[in-house]
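Shown next: my_file-v2.pdb, containing PDB, C-alpha atoms.
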ATOM      1  CA  MET A   1      87.297 116.324  93.303
ATOM      2  CA  THR A   2      89.638 119.260  93.805
ATOM      3  CA  LEU A   3      93.418 119.149  93.720
ATOM      4  CA  HIS A   4      95.063 120.411  96.900
ATOM      5  CA  ASN A   5      98.610 121.235  97.796
ATOM      6  CA  GLU A   6     100.254 119.054 100.443
ATOM      7  CA  PRO A   7      99.524 121.177 103.555
ATOM      8  CA  LEU A   8      95.843 121.498 102.654
ATOM      9  CA  ALA A   9      95.522 117.801 101.948
ATOM     10  CA  ASN A  10      96.644 116.846 105.476
ATOM     11  CA  PHE A  11      99.522 114.693 104.273
ATOM     12  CA  ASP A  12     102.684 114.328 106.310
ATOM     13  CA  ALA A  13     105.248 116.010 104.038
ATOM     14  CA  ALA A  14     108.112 113.790 105.267
ATOM     15  CA  ARG A  15     106.168 110.589 104.545
ATOM     16  CA  LEU A  16     105.125 111.906 101.162
ATOM     17  CA  ASP A  17     108.748 112.738 100.312
ATOM     18  CA  ARG A  18     109.737 109.163 101.259
ATOM     19  CA  VAL A  19     107.131 107.748  98.865
ATOM     20  CA  TYR A  20     108.402 109.938  96.033
ATOM     21  CA  HIS A  21     112.015 109.093  96.963
ATOM     22  CA  VAL A  22     111.312 105.332  96.816
ATOM     23  CA  LEU A  23     109.809 105.658  93.337
ATOM     24  CA  ALA A  24     112.609 107.898  92.058
ATOM     25  CA  ASN A  25     115.248 105.506  93.452
ATOM     26  CA  ALA A  26     113.535 102.484  91.888
ATOM     27  CA  VAL A  27     113.634 104.198  88.499
ATOM     28  CA  GLU A  28     117.249 105.309  88.962
ATOM     29  CA  ALA A  29     118.326 101.783  90.004
ATOM     30  CA  GLY A  30     116.644 100.300  86.931
ATOM     31  CA  ALA A  31     114.174  98.268  89.000
ATOM     32  CA  ILE A  32     111.292  99.891  87.111
ATOM     33  CA  PRO A  33     111.303 101.989  83.923
ATOM     34  CA  GLY A  34     108.763 104.485  85.192
ATOM     35  CA  ALA A  35     105.907 105.138  87.571
ATOM     36  CA  ALA A  36     103.033 107.538  88.074
ATOM     37  CA  ILE A  37     101.255 108.142  91.359
ATOM     38  CA  GLN A  38      98.405 110.226  92.688
ATOM     39  CA  LEU A  39      97.354 110.139  96.318
ATOM     40  CA  ILE A  40      93.971 110.815  97.869
ATOM     41  CA  SER A  41      92.982 111.063 101.511
ATOM     42  CA  HIS A  42      89.619 112.064 102.952
ATOM     43  CA  GLY A  43      88.453 113.217  99.519
ATOM     44  CA  ARG A  44      91.469 115.452  98.987
ATOM     45  CA  LEU A  45      93.616 114.809  95.960
ATOM     46  CA  LEU A  46      97.292 115.686  95.626
ATOM     47  CA  PRO A  47      98.669 116.593  92.199
ATOM     48  CA  PRO A  48      99.919 113.554  90.261
ATOM     49  CA  ARG A  49     103.660 112.858  89.988
ATOM     50  CA  ALA A  50     105.522 110.820  87.380
ATOM     51  CA  PHE A  51     109.000 109.281  87.340
ATOM     52  CA  GLY A  52     111.195 107.698  84.658
ATOM     53  CA  ALA A  53     110.591 107.100  80.974
ATOM     54  CA  GLN A  54     108.574 104.926  78.638
ATOM     55  CA  ARG A  55     110.084 102.373  76.240
ATOM     56  CA  SER A  56     109.974 104.985  73.506
ATOM     57  CA  GLY A  57     112.258 107.189  75.590
ATOM     58  CA  GLN A  58     109.483 109.695  76.196
ATOM     59  CA  PRO A  59     109.198 110.824  79.826
ATOM     60  CA  THR A  60     106.540 109.138  81.925
ATOM     61  CA  THR A  61     103.640 111.517  82.606
ATOM     62  CA  PRO A  62     100.620 111.260  84.896
ATOM     63  CA  ASP A  63      98.641 110.333  81.750
ATOM     64  CA  THR A  64     100.956 107.487  80.700
ATOM     65  CA  ILE A  65      99.058 104.229  80.179
ATOM     66  CA  PHE A  66     100.721 101.283  81.928
ATOM     67  CA  LEU A  67     100.168  97.632  81.051
ATOM     68  CA  THR A  68      99.110  95.992  84.305
ATOM     69  CA  ALA A  69      98.473  92.475  82.947
ATOM     70  CA  SER A  70      96.963  90.329  85.706
ATOM     71  CA  VAL A  71      97.883  92.622  88.591
ATOM     72  CA  THR A  72      94.277  93.796  88.922
ATOM     73  CA  LYS A  73      92.850  90.312  89.526
ATOM     74  CA  PRO A  74      94.032  89.981  93.158
ATOM     75  CA  MET A  75      92.784  93.501  93.910
ATOM     76  CA  THR A  76      89.368  92.751  92.400
ATOM     77  CA  VAL A  77      89.049  89.486  94.329
ATOM     78  CA  THR A  78      90.082  91.191  97.577
ATOM     79  CA  ALA A  79      87.490  93.922  97.025
ATOM     80  CA  ALA A  80      84.812  91.297  96.329
ATOM     81  CA  MET A  81      85.740  89.397  99.504
ATOM     82  CA  ILE A  82      85.392  92.580 101.576
ATOM     83  CA  LEU A  83      81.832  93.026 100.320
TER      84      LEU A  83
END

Write out the structure in this file as structure tokens.
Amino acid sequence: MTLHNEPLANFDAARLDRVYHVLANAVEAGAIPGAAIQLISHGRLLPPRAFGAQRSGQPTTPDTIFLTASVTKPMTVTAAMIL
């Protein structure tokens, strides 16, 4: 898969900015310590973005490993139900 810039990826720049703004605000408000996101649409991948910091104080990067605990179970069950 190839990384594309926003215009090539057919993303609405205003909507994309809102997504990034929500994540940045959540970090700033202390609701979450950090986040990383990468969006894909119709096989086109936008560059990853990261917000906030890890417990160690290091900045969050697109390669940061997050503990998701049991968050994946509902997603897995939903995917299985769709099949």

If we count all atoms listed in the file, what is near Phe51 in chain A at a cut-off of 9 Å, once residues fewer than 4 positions away on the same chain are taken out, given as a list in words?
-> Tyr20, Leu23, Ala24, Val27, Pro33, Gly34, Ala35, Ala36, Ile37, Pro59, Thr60, Thr61 and Pro62 of chain A

Pairwise distance for CA of Arg44 in chain A and CA of Phe11 in chain A, rounded to one decimal in Å |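 Calculated distance between CA of Arg44 in chain A and CA of Phe11 in chain A is 9.7 Å.
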
Find, counting only C-alpha atoms, the residue in A:Thr64, A:Gln54, A:Ser70, A:Thr78 that gets nearest to Ile32 in chain A.
->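 Ranked by minimum distance to Ile32 in chain A, first place goes to A:Gln54.
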
Which value, in Å to one decimal, gives the distance between CA of Gly43 in chain A and CA of Thr72 in chain A?
->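 If I compute the distance from CA of Gly43 in chain A to CA of Thr72 in chain A, I get 22.9 Å.
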
Which value, in Å to one decimal, gives the distance between CA of Ser41 in chain A and CA of Pro74 in chain A?
->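 Interatomic distance here is 22.7 Å.
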
Let me have the centre and edge lengths of the axis-aligned box enclosing all listed atoms of range 61-67 of chain A with 4 Å padding on every side, in Å to one decimal, as lines of an AutoDock Vina configuration file.
center_x = 101.1
center_y = 104.6
center_z = 82.5
size_x = 13.0
size_y = 21.9
size_z = 12.7

Compare A:Leu45, A:Leu16, A:Ala80, A:Gln38 by their minimum atom-to-atom distance to Asp63 in chain A, counting all atoms listed in the file, and give me the closest one.
-> A:Gln38
